[in-house]
Amino acid sequence: MDLLFLGTSAGVPTKKRNVTGLALQEEMGSDWFLIDCGEATQHRLLRTRLSLHDLQAIFITHVHGDHCYGLPGLLASAGMSGRKKPLPIIAPSGIAEWFNATRQFTQLYLPFDVEFLPAEALGQWAFPRWTVDATPLSHRVPSFSYRFTETAREPHLNTEKLNAEGIARGPIWGQLRKGIDVVHEGQTFKSADYVYYPQAARCLVVCGDNDQPELLRTFCQPAQVLVHESTYTQDVADRAGDTFGHSSAAGIASFAQSSGLPNLVLTHFSARYQANPEQSPSIEDIRSEAAHHYQGSLFLAEDLARYRLAKTGVLSLVSV
């Protein structure tokens with residue numbers, strides 16, 4: 001699974017960072033998911049190879065504009081480019097109300113169905129290779145985190161056991177590997193007894209705005225990757241006296257460390273943090289603070305940077 005960041009700025013865009021948007025793309029094929037759709041997300045998409053025809057679903061974490069104002073325009077462009085396939089949108093219920101009002105007042109015509117699914121009652125939603133579930137966070141409006149868990153994994157046969165039991169290589173092996181139980185010479189061979197998965201299912205958690213990382217403790221247990229906002233450094237949050245429902249670098253990094261998360265990706269940086277490390281505040285202040293509290297693989301997301309979660313559970317930067 002590839003993570004392609006379309007925007008990493010909090011609240012307002014900067015010259016180098018757009019507001020929030022993240023594309024998740026399977027390494028095989030062209031299908032992809034969009035998580036959050038801040039203003040001008042579709043402009044960022046023009047700088048990628050992603051097609052709106054291949055978009056499988058949109059997930060919106062919460063109703064604030066830097067996470068959703070780009071949605072009507074993106075859907076309009078999808079319609080004008082000829083999309084006909086229905087598009088599921090998983091979001092807090094307020095998003096559907098806002099979008100439907102926008103659609104009515106602007107007379108937005110879409111040649112495809114938009115299927116809104118409330119995040120509050122998502123349960124577990126299945127795609128061919130992944131399942132998605134949601135959990136609520138703490139913010140000024142209802143905000144959610146989405147967990148993507150791999151279901152289609154490469155099965156391996158325990159050939160030593162098969163040989164030891166005198167089951168010769170042949171069609172039986174192929175059926176067992178496909179998950180099919182086999183009856184041979186009056187004996188039943190159960191696929192589950194001979195098939196194993198050498199690597200854990202890949203799992204990543206992508207969060208909306210949240211000022212209580214501890215809410216994710218159980219939700220993140222199976223995850224190899226956590227994508228979480230880091231709007232401020234702790235000193236800025238302390239001076240402000242109110243985080244406005246956001247997390248500091250120290251807060252989320254400490255949580256990730258205590259949870260044993262192997263990979264932490266920070267995003268949603270306040271516009272005050274610029275790229276020049278010789279000026280303060282800079283993005284390096286966030287990196288330094290997070291690294292002080294977290295010893296795992298730490299990434300600070302950049303616009304249009306692509307990261308890859310390998311089948312081994314290792315996250316790496318592919319391109320910037």
# chains A, B, ... in the order shown; residues from 1 in each chain; ligands from 1
>>> residues_around(residues="Ser247 (chain A)", least_positions_apart="2", cutoff="10 Å", atoms="only C-alpha atoms", output="PyMOL selection string")
chain A and resi 139+209-213+228-234+237+243-245+249-253+268
>>> write_last_selection(atoms="C-alpha atoms", output="mmCIF file, in the first residue's frame")
data_model
loop_
_atom_site.group_PDB
_atom_site.id
_atom_site.type_symbol
_atom_site.label_atom_id
_atom_site.label_comp_id
_atom_site.auth_asym_id
_atom_site.auth_seq_id
_atom_site.Cartn_x
_atom_site.Cartn_y
_atom_site.Cartn_z
ATOM 1 C CA HIS A 139 -12.132 17.386 18.551
ATOM 2 C CA ASP A 209 -7.973 16.042 14.177
ATOM 3 C CA ASN A 210 -7.627 14.791 17.739
ATOM 4 C CA ASP A 211 -6.407 16.126 21.073
ATOM 5 C CA GLN A 212 -6.528 12.804 22.953
ATOM 6 C CA PRO A 213 -4.199 10.238 21.344
ATOM 7 C CA HIS A 228 -1.691 11.504 12.934
ATOM 8 C CA GLU A 229 -1.844 15.273 13.070
ATOM 9 C CA SER A 230 0.907 17.217 14.817
ATOM 10 C CA THR A 231 -0.366 20.752 14.550
ATOM 11 C CA TYR A 232 1.950 22.342 17.107
ATOM 12 C CA THR A 233 5.023 21.871 19.216
ATOM 13 C CA GLN A 234 4.280 21.654 22.920
ATOM 14 C CA ALA A 237 0.298 24.764 22.688
ATOM 15 C CA THR A 243 -4.922 23.351 21.560
ATOM 16 C CA PHE A 244 -8.269 23.897 19.798
ATOM 17 C CA GLY A 245 -8.697 20.145 19.656
ATOM 18 C CA ALA A 249 4.385 16.641 18.454
ATOM 19 C CA ALA A 250 5.372 15.611 21.974
ATOM 20 C CA GLY A 251 1.907 14.314 22.786
ATOM 21 C CA ILE A 252 1.430 12.077 19.766
ATOM 22 C CA ALA A 253 5.065 10.905 19.750
ATOM 23 C CA HIS A 268 -1.328 18.610 9.474
#
>>> residues_around(residues="Phe269 (chain A)", least_positions_apart="5", cutoff="12 Å", atoms="only C-alpha atoms", output="ChimeraX atom specification")
/A:7-14,16-20,66,209,228-233,246-249,274-275,281-287,300-303
>>> closest_residue(among="A:Val114, A:Leu226, A:Leu108, A:Ile60", to="Arg83 (chain A)", atoms="only C-alpha atoms")
A:Val114
>>> closest_atom_pairs(of="region 119-200 of chain A", to="region 33-44 of chain A", cutoff="12 Å", atoms="only C-alpha atoms", output="tab-separated table")
residue	atom	partner	partner_atom	distance
A:Phe127	CA	A:Phe33	CA	10.8
A:Trp130	CA	A:Phe33	CA	11.1
A:Val132	CA	A:Phe33	CA	11.2
A:Ser143	CA	A:Asp36	CA	11.5
A:Phe144	CA	A:Asp36	CA	11.0
A:Ser145	CA	A:Ile35	CA	10.1
A:Tyr146	CA	A:Ile35	CA	8.9
A:Arg147	CA	A:Ile35	CA	11.3
A:Phe148	CA	A:Phe33	CA	10.6
>>> select_by_dssp(residues="region 90-140 of chain A", states="strand (DSSP E or B)", output="PDB file with C-alpha atoms, in the first residue's frame")
ATOM      1  CA  ILE A  90     -17.661   7.495   4.362  1.00  0.00           C
ATOM      2  CA  ALA A  91     -17.934  10.526   6.619  1.00  0.00           C
ATOM      3  CA  VAL A 114     -22.917   9.312  -4.390  1.00  0.00           C
ATOM      4  CA  GLU A 115     -23.465   6.834  -1.565  1.00  0.00           C
ATOM      5  CA  PHE A 116     -22.963   8.395   1.870  1.00  0.00           C
ATOM      6  CA  LEU A 117     -22.166   6.016   4.719  1.00  0.00           C
ATOM      7  CA  PRO A 118     -22.082   7.564   8.216  1.00  0.00           C
ATOM      8  CA  GLN A 124     -16.524  -3.050   9.221  1.00  0.00           C
ATOM      9  CA  TRP A 125     -16.603  -2.191   5.536  1.00  0.00           C
ATOM     10  CA  ALA A 126     -15.057  -4.675   3.116  1.00  0.00           C
ATOM     11  CA  TRP A 130      -8.901  -4.510   2.661  1.00  0.00           C
ATOM     12  CA  THR A 131     -11.422  -3.915   5.417  1.00  0.00           C
ATOM     13  CA  VAL A 132     -12.025  -0.503   6.955  1.00  0.00           C
ATOM     14  CA  ASP A 133     -13.439   0.414  10.338  1.00  0.00           C
ATOM     15  CA  ALA A 134     -13.652   3.672  12.271  1.00  0.00           C
ATOM     16  CA  THR A 135     -13.382   4.997  15.800  1.00  0.00           C
ATOM     17  CA  PRO A 136     -14.303   8.439  17.202  1.00  0.00           C
TER      18      PRO A 136
END
>>> atom_distance(atom1="CA of Leu266 (chain A)", atom2="CA of Ile95 (chain A)")
24.7 Å
>>> atom_distance(atom1="CA of Val265 (chain A)", atom2="CA of Gln221 (chain A)")
16.1 Å
>>> residues_around(residues="Met80 (chain A)", least_positions_apart="5", cutoff="9 Å", atoms="only C-alpha atoms", output="CSV table (one decimal) with C-alpha atoms, in the first residue's frame")
chain,number,residue,atom,x,y,z
A,75,LEU,CA,-16.9,15.3,-7.5
A,110,LEU,CA,-23.4,14.3,-11.1
A,111,PRO,CA,-23.8,11.5,-13.6
>>> residues_around(residues="Ile167 (chain A)", least_positions_apart="2", cutoff="12 Å", atoms="only C-alpha atoms", output="ChimeraX atom specification")
/A:158-165,169-174,176,182-185,187-189,194
>>> closest_residue(among="A:Leu309, A:Val63, A:Ile58, A:Ala271", to="Ala201 (chain A)", atoms="only C-alpha atoms")
A:Leu309
>>> select_by_dssp(residues="region 147-284 of chain A", states="alpha helix (DSSP H)", output="number ranges by chain")
A: 159-164, 171-177, 234-240, 249-259, 283-284
>>> write_last_selection(atoms="N, CA and C atoms", output="JSON list (two decimals), in the first residue's frame")
[["chain", "number", "residue", "atom", "x", "y", "z"],
["A", 159, "THR", "N", 4.94, -27.38, 3.33],
["A", 159, "THR", "CA", 5.32, -28.52, 2.49],
["A", 159, "THR", "C", 5.99, -29.63, 3.29],
["A", 160, "GLU", "N", 6.71, -29.25, 4.35],
["A", 160, "GLU", "CA", 7.34, -30.28, 5.18],
["A", 160, "GLU", "C", 6.28, -31.18, 5.81],
["A", 161, "LYS", "N", 5.21, -30.59, 6.29],
["A", 161, "LYS", "CA", 4.15, -31.37, 6.91],
["A", 161, "LYS", "C", 3.45, -32.24, 5.87],
["A", 162, "LEU", "N", 3.22, -31.67, 4.68],
["A", 162, "LEU", "CA", 2.58, -32.45, 3.62],
["A", 162, "LEU", "C", 3.43, -33.65, 3.23],
["A", 163, "ASN", "N", 4.71, -33.44, 3.06],
["A", 163, "ASN", "CA", 5.60, -34.54, 2.70],
["A", 163, "ASN", "C", 5.69, -35.57, 3.81],
["A", 164, "ALA", "N", 5.73, -35.10, 5.05],
["A", 164, "ALA", "CA", 5.84, -36.02, 6.19],
["A", 164, "ALA", "C", 4.60, -36.91, 6.29],
["A", 171, "PRO", "N", -2.40, -31.84, -7.48],
["A", 171, "PRO", "CA", -3.60, -31.00, -7.38],
["A", 171, "PRO", "C", -4.06, -30.76, -5.94],
["A", 172, "ILE", "N", -3.83, -31.75, -5.07],
["A", 172, "ILE", "CA", -4.26, -31.58, -3.67],
["A", 172, "ILE", "C", -3.57, -30.37, -3.05],
["A", 173, "TRP", "N", -2.28, -30.22, -3.33],
["A", 173, "TRP", "CA", -1.54, -29.07, -2.78],
["A", 173, "TRP", "C", -2.18, -27.76, -3.23],
["A", 174, "GLY", "N", -2.51, -27.71, -4.52],
["A", 174, "GLY", "CA", -3.09, -26.48, -5.05],
["A", 174, "GLY", "C", -4.42, -26.14, -4.42],
["A", 175, "GLN", "N", -5.25, -27.16, -4.19],
["A", 175, "GLN", "CA", -6.55, -26.91, -3.56],
["A", 175, "GLN", "C", -6.40, -26.45, -2.12],
["A", 176, "LEU", "N", -5.51, -27.10, -1.39],
["A", 176, "LEU", "CA", -5.28, -26.70, 0.00],
["A", 176, "LEU", "C", -4.79, -25.26, 0.07],
["A", 177, "ARG", "N", -3.91, -24.89, -0.85],
["A", 177, "ARG", "CA", -3.37, -23.54, -0.85],
["A", 177, "ARG", "C", -4.46, -22.51, -1.12],
["A", 234, "GLN", "N", 4.90, 21.52, 21.61],
["A", 234, "GLN", "CA", 4.28, 21.65, 22.92],
["A", 234, "GLN", "C", 4.37, 23.08, 23.47],
["A", 235, "ASP", "N", 5.46, 23.78, 23.19],
["A", 235, "ASP", "CA", 5.61, 25.13, 23.73],
["A", 235, "ASP", "C", 4.56, 26.08, 23.16],
["A", 236, "VAL", "N", 4.24, 25.91, 21.88],
["A", 236, "VAL", "CA", 3.20, 26.75, 21.26],
["A", 236, "VAL", "C", 1.84, 26.44, 21.88],
["A", 237, "ALA", "N", 1.57, 25.15, 22.07],
["A", 237, "ALA", "CA", 0.30, 24.76, 22.69],
["A", 237, "ALA", "C", 0.19, 25.32, 24.10],
["A", 238, "ASP", "N", 1.30, 25.28, 24.84],
["A", 238, "ASP", "CA", 1.29, 25.79, 26.22],
["A", 238, "ASP", "C", 1.05, 27.30, 26.25],
["A", 239, "ARG", "N", 1.68, 28.03, 25.32],
["A", 239, "ARG", "CA", 1.50, 29.48, 25.30],
["A", 239, "ARG", "C", 0.08, 29.87, 24.91],
["A", 240, "ALA", "N", -0.49, 29.09, 24.00],
["A", 240, "ALA", "CA", -1.85, 29.39, 23.55],
["A", 240, "ALA", "C", -2.87, 29.10, 24.64],
["A", 249, "ALA", "N", 3.43, 17.67, 18.87],
["A", 249, "ALA", "CA", 4.38, 16.64, 18.45],
["A", 249, "ALA", "C", 4.77, 15.76, 19.63],
["A", 250, "ALA", "N", 4.99, 16.38, 20.79],
["A", 250, "ALA", "CA", 5.37, 15.61, 21.97],
["A", 250, "ALA", "C", 4.26, 14.66, 22.39],
["A", 251, "GLY", "N", 3.03, 15.13, 22.34],
["A", 251, "GLY", "CA", 1.91, 14.31, 22.79],
["A", 251, "GLY", "C", 1.70, 13.08, 21.94],
["A", 252, "ILE", "N", 1.68, 13.24, 20.62],
["A", 252, "ILE", "CA", 1.43, 12.08, 19.77],
["A", 252, "ILE", "C", 2.65, 11.17, 19.71],
["A", 253, "ALA", "N", 3.86, 11.74, 19.77],
["A", 253, "ALA", "CA", 5.07, 10.91, 19.75],
["A", 253, "ALA", "C", 5.16, 10.06, 21.01],
["A", 254, "SER", "N", 4.83, 10.63, 22.16],
["A", 254, "SER", "CA", 4.85, 9.87, 23.41],
["A", 254, "SER", "C", 3.85, 8.73, 23.37],
["A", 255, "PHE", "N", 2.69, 9.00, 22.81],
["A", 255, "PHE", "CA", 1.68, 7.94, 22.68],
["A", 255, "PHE", "C", 2.19, 6.82, 21.78],
["A", 256, "ALA", "N", 2.75, 7.18, 20.63],
["A", 256, "ALA", "CA", 3.24, 6.17, 19.69],
["A", 256, "ALA", "C", 4.34, 5.32, 20.32],
["A", 257, "GLN", "N", 5.21, 5.95, 21.10],
["A", 257, "GLN", "CA", 6.28, 5.22, 21.77],
["A", 257, "GLN", "C", 5.72, 4.23, 22.79],
["A", 258, "SER", "N", 4.79, 4.68, 23.61],
["A", 258, "SER", "CA", 4.24, 3.81, 24.64],
["A", 258, "SER", "C", 3.37, 2.70, 24.05],
["A", 259, "SER", "N", 2.85, 2.91, 22.85],
["A", 259, "SER", "CA", 2.03, 1.90, 22.19],
["A", 259, "SER", "C", 2.85, 0.91, 21.39],
["A", 283, "ILE", "N", 9.68, 23.49, 10.54],
["A", 283, "ILE", "CA", 9.20, 22.11, 10.59],
["A", 283, "ILE", "C", 10.18, 21.23, 11.36],
["A", 284, "GLU", "N", 11.45, 21.64, 11.40],
["A", 284, "GLU", "CA", 12.44, 20.87, 12.14],
["A", 284, "GLU", "C", 12.19, 20.91, 13.64]]
>>> atom_distance(atom1="CA of Gln56 (chain A)", atom2="CA of Ile89 (chain A)")
9.3 Å
>>> closest_residue(among="A:Pro262, A:Pro277, A:Pro72, A:Gly82", to="Leu315 (chain A)", atoms="only C-alpha atoms")
A:Pro262
>>> decode(residues="region 46-88 of chain A", atoms="N, CA and C atoms", output="PDB file, in the first residue's frame")
ATOM      1  N   LEU A  46      -3.744  16.640 -10.097  1.00  0.00           N
ATOM      2  CA  LEU A  46      -3.249  16.868 -11.454  1.00  0.00           C
ATOM      3  C   LEU A  46      -1.746  16.646 -11.551  1.00  0.00           C
ATOM      4  N   ARG A  47      -1.067  16.656 -10.432  1.00  0.00           N
ATOM      5  CA  ARG A  47       0.382  16.440 -10.409  1.00  0.00           C
ATOM      6  C   ARG A  47       0.724  14.990 -10.097  1.00  0.00           C
ATOM      7  N   THR A  48      -0.271  14.120 -10.146  1.00  0.00           N
ATOM      8  CA  THR A  48      -0.062  12.692  -9.916  1.00  0.00           C
ATOM      9  C   THR A  48      -0.612  11.909 -11.105  1.00  0.00           C
ATOM     10  N   ARG A  49      -0.475  10.603 -11.048  1.00  0.00           N
ATOM     11  CA  ARG A  49      -1.039   9.733 -12.078  1.00  0.00           C
ATOM     12  C   ARG A  49      -2.380   9.147 -11.663  1.00  0.00           C
ATOM     13  N   LEU A  50      -2.918   9.595 -10.563  1.00  0.00           N
ATOM     14  CA  LEU A  50      -4.182   9.060 -10.072  1.00  0.00           C
ATOM     15  C   LEU A  50      -5.343   9.557 -10.930  1.00  0.00           C
ATOM     16  N   SER A  51      -6.273   8.651 -11.204  1.00  0.00           N
ATOM     17  CA  SER A  51      -7.450   8.983 -12.005  1.00  0.00           C
ATOM     18  C   SER A  51      -8.697   8.937 -11.132  1.00  0.00           C
ATOM     19  N   LEU A  52      -9.595   9.892 -11.340  1.00  0.00           N
ATOM     20  CA  LEU A  52     -10.855   9.894 -10.602  1.00  0.00           C
ATOM     21  C   LEU A  52     -11.748   8.729 -11.003  1.00  0.00           C
ATOM     22  N   HIS A  53     -11.463   8.102 -12.135  1.00  0.00           N
ATOM     23  CA  HIS A  53     -12.217   6.910 -12.541  1.00  0.00           C
ATOM     24  C   HIS A  53     -11.848   5.709 -11.679  1.00  0.00           C
ATOM     25  N   ASP A  54     -10.641   5.701 -11.137  1.00  0.00           N
ATOM     26  CA  ASP A  54     -10.165   4.568 -10.336  1.00  0.00           C
ATOM     27  C   ASP A  54     -10.382   4.766  -8.838  1.00  0.00           C
ATOM     28  N   LEU A  55     -10.944   5.895  -8.465  1.00  0.00           N
ATOM     29  CA  LEU A  55     -11.184   6.188  -7.052  1.00  0.00           C
ATOM     30  C   LEU A  55     -12.284   5.270  -6.517  1.00  0.00           C
ATOM     31  N   GLN A  56     -11.956   4.480  -5.495  1.00  0.00           N
ATOM     32  CA  GLN A  56     -12.884   3.477  -4.975  1.00  0.00           C
ATOM     33  C   GLN A  56     -13.791   4.012  -3.869  1.00  0.00           C
ATOM     34  N   ALA A  57     -13.298   4.957  -3.096  1.00  0.00           N
ATOM     35  CA  ALA A  57     -14.093   5.515  -1.999  1.00  0.00           C
ATOM     36  C   ALA A  57     -13.388   6.747  -1.454  1.00  0.00           C
ATOM     37  N   ILE A  58     -14.162   7.621  -0.840  1.00  0.00           N
ATOM     38  CA  ILE A  58     -13.625   8.797  -0.155  1.00  0.00           C
ATOM     39  C   ILE A  58     -13.977   8.682   1.328  1.00  0.00           C
ATOM     40  N   PHE A  59     -12.997   8.967   2.165  1.00  0.00           N
ATOM     41  CA  PHE A  59     -13.198   8.974   3.614  1.00  0.00           C
ATOM     42  C   PHE A  59     -12.930  10.390   4.124  1.00  0.00           C
ATOM     43  N   ILE A  60     -13.895  10.977   4.782  1.00  0.00           N
ATOM     44  CA  ILE A  60     -13.723  12.301   5.376  1.00  0.00           C
ATOM     45  C   ILE A  60     -13.693  12.134   6.892  1.00  0.00           C
ATOM     46  N   THR A  61     -12.685  12.713   7.531  1.00  0.00           N
ATOM     47  CA  THR A  61     -12.542  12.521   8.975  1.00  0.00           C
ATOM     48  C   THR A  61     -13.465  13.425   9.780  1.00  0.00           C
ATOM     49  N   HIS A  62     -13.677  14.666   9.320  1.00  0.00           N
ATOM     50  CA  HIS A  62     -14.567  15.577  10.047  1.00  0.00           C
ATOM     51  C   HIS A  62     -14.939  16.753   9.151  1.00  0.00           C
ATOM     52  N   VAL A  63     -15.848  17.588   9.644  1.00  0.00           N
ATOM     53  CA  VAL A  63     -16.526  18.563   8.801  1.00  0.00           C
ATOM     54  C   VAL A  63     -15.762  19.874   8.629  1.00  0.00           C
ATOM     55  N   HIS A  64     -14.626  20.065   9.267  1.00  0.00           N
ATOM     56  CA  HIS A  64     -13.903  21.330   9.118  1.00  0.00           C
ATOM     57  C   HIS A  64     -13.384  21.504   7.689  1.00  0.00           C
ATOM     58  N   GLY A  65     -13.381  22.767   7.242  1.00  0.00           N
ATOM     59  CA  GLY A  65     -13.142  23.066   5.837  1.00  0.00           C
ATOM     60  C   GLY A  65     -11.817  22.607   5.287  1.00  0.00           C
ATOM     61  N   ASP A  66     -10.756  22.626   6.099  1.00  0.00           N
ATOM     62  CA  ASP A  66      -9.457  22.213   5.570  1.00  0.00           C
ATOM     63  C   ASP A  66      -9.401  20.715   5.320  1.00  0.00           C
ATOM     64  N   HIS A  67     -10.486  20.009   5.626  1.00  0.00           N
ATOM     65  CA  HIS A  67     -10.567  18.572   5.365  1.00  0.00           C
ATOM     66  C   HIS A  67     -11.669  18.211   4.368  1.00  0.00           C
ATOM     67  N   CYS A  68     -12.511  19.190   3.987  1.00  0.00           N
ATOM     68  CA  CYS A  68     -13.644  18.814   3.134  1.00  0.00           C
ATOM     69  C   CYS A  68     -14.037  19.836   2.073  1.00  0.00           C
ATOM     70  N   TYR A  69     -13.506  21.054   2.091  1.00  0.00           N
ATOM     71  CA  TYR A  69     -13.974  22.067   1.149  1.00  0.00           C
ATOM     72  C   TYR A  69     -13.672  21.723  -0.314  1.00  0.00           C
ATOM     73  N   GLY A  70     -12.779  20.799  -0.561  1.00  0.00           N
ATOM     74  CA  GLY A  70     -12.482  20.418  -1.939  1.00  0.00           C
ATOM     75  C   GLY A  70     -13.410  19.366  -2.505  1.00  0.00           C
ATOM     76  N   LEU A  71     -14.321  18.841  -1.669  1.00  0.00           N
ATOM     77  CA  LEU A  71     -15.152  17.711  -2.096  1.00  0.00           C
ATOM     78  C   LEU A  71     -16.104  18.041  -3.243  1.00  0.00           C
ATOM     79  N   PRO A  72     -16.901  19.119  -3.188  1.00  0.00           N
ATOM     80  CA  PRO A  72     -17.817  19.382  -4.306  1.00  0.00           C
ATOM     81  C   PRO A  72     -17.096  19.556  -5.637  1.00  0.00           C
ATOM     82  N   GLY A  73     -15.992  20.288  -5.628  1.00  0.00           N
ATOM     83  CA  GLY A  73     -15.262  20.502  -6.873  1.00  0.00           C
ATOM     84  C   GLY A  73     -14.671  19.228  -7.431  1.00  0.00           C
ATOM     85  N   LEU A  74     -14.141  18.387  -6.551  1.00  0.00           N
ATOM     86  CA  LEU A  74     -13.562  17.127  -7.014  1.00  0.00           C
ATOM     87  C   LEU A  74     -14.633  16.227  -7.622  1.00  0.00           C
ATOM     88  N   LEU A  75     -15.796  16.157  -6.986  1.00  0.00           N
ATOM     89  CA  LEU A  75     -16.871  15.326  -7.527  1.00  0.00           C
ATOM     90  C   LEU A  75     -17.397  15.889  -8.841  1.00  0.00           C
ATOM     91  N   ALA A  76     -17.467  17.219  -8.943  1.00  0.00           N
ATOM     92  CA  ALA A  76     -17.896  17.832 -10.201  1.00  0.00           C
ATOM     93  C   ALA A  76     -16.932  17.476 -11.326  1.00  0.00           C
ATOM     94  N   SER A  77     -15.639  17.522 -11.040  1.00  0.00           N
ATOM     95  CA  SER A  77     -14.643  17.173 -12.053  1.00  0.00           C
ATOM     96  C   SER A  77     -14.735  15.704 -12.427  1.00  0.00           C
ATOM     97  N   ALA A  78     -15.014  14.846 -11.445  1.00  0.00           N
ATOM     98  CA  ALA A  78     -15.182  13.422 -11.745  1.00  0.00           C
ATOM     99  C   ALA A  78     -16.338  13.221 -12.717  1.00  0.00           C
ATOM    100  N   GLY A  79     -17.428  13.938 -12.495  1.00  0.00           N
ATOM    101  CA  GLY A  79     -18.560  13.831 -13.399  1.00  0.00           C
ATOM    102  C   GLY A  79     -18.250  14.360 -14.784  1.00  0.00           C
ATOM    103  N   MET A  80     -17.555  15.485 -14.849  1.00  0.00           N
ATOM    104  CA  MET A  80     -17.227  16.080 -16.147  1.00  0.00           C
ATOM    105  C   MET A  80     -16.208  15.249 -16.914  1.00  0.00           C
ATOM    106  N   SER A  81     -15.452  14.413 -16.208  1.00  0.00           N
ATOM    107  CA  SER A  81     -14.481  13.547 -16.884  1.00  0.00           C
ATOM    108  C   SER A  81     -15.099  12.222 -17.310  1.00  0.00           C
ATOM    109  N   GLY A  82     -16.393  12.044 -17.031  1.00  0.00           N
ATOM    110  CA  GLY A  82     -17.099  10.876 -17.540  1.00  0.00           C
ATOM    111  C   GLY A  82     -17.295   9.740 -16.560  1.00  0.00           C
ATOM    112  N   ARG A  83     -17.047   9.968 -15.292  1.00  0.00           N
ATOM    113  CA  ARG A  83     -17.253   8.891 -14.337  1.00  0.00           C
ATOM    114  C   ARG A  83     -18.737   8.532 -14.271  1.00  0.00           C
ATOM    115  N   LYS A  84     -19.027   7.220 -14.261  1.00  0.00           N
ATOM    116  CA  LYS A  84     -20.399   6.730 -14.137  1.00  0.00           C
ATOM    117  C   LYS A  84     -20.572   5.826 -12.915  1.00  0.00           C
ATOM    118  N   LYS A  85     -19.482   5.241 -12.453  1.00  0.00           N
ATOM    119  CA  LYS A  85     -19.549   4.274 -11.354  1.00  0.00           C
ATOM    120  C   LYS A  85     -19.909   4.963 -10.044  1.00  0.00           C
ATOM    121  N   PRO A  86     -20.816   4.389  -9.251  1.00  0.00           N
ATOM    122  CA  PRO A  86     -21.159   4.984  -7.949  1.00  0.00           C
ATOM    123  C   PRO A  86     -19.922   5.170  -7.076  1.00  0.00           C
ATOM    124  N   LEU A  87     -19.968   6.194  -6.235  1.00  0.00           N
ATOM    125  CA  LEU A  87     -18.826   6.508  -5.380  1.00  0.00           C
ATOM    126  C   LEU A  87     -19.266   6.547  -3.918  1.00  0.00           C
ATOM    127  N   PRO A  88     -18.769   5.619  -3.105  1.00  0.00           N
ATOM    128  CA  PRO A  88     -19.078   5.665  -1.676  1.00  0.00           C
ATOM    129  C   PRO A  88     -18.280   6.775  -0.990  1.00  0.00           C
TER     130      PRO A  88
END
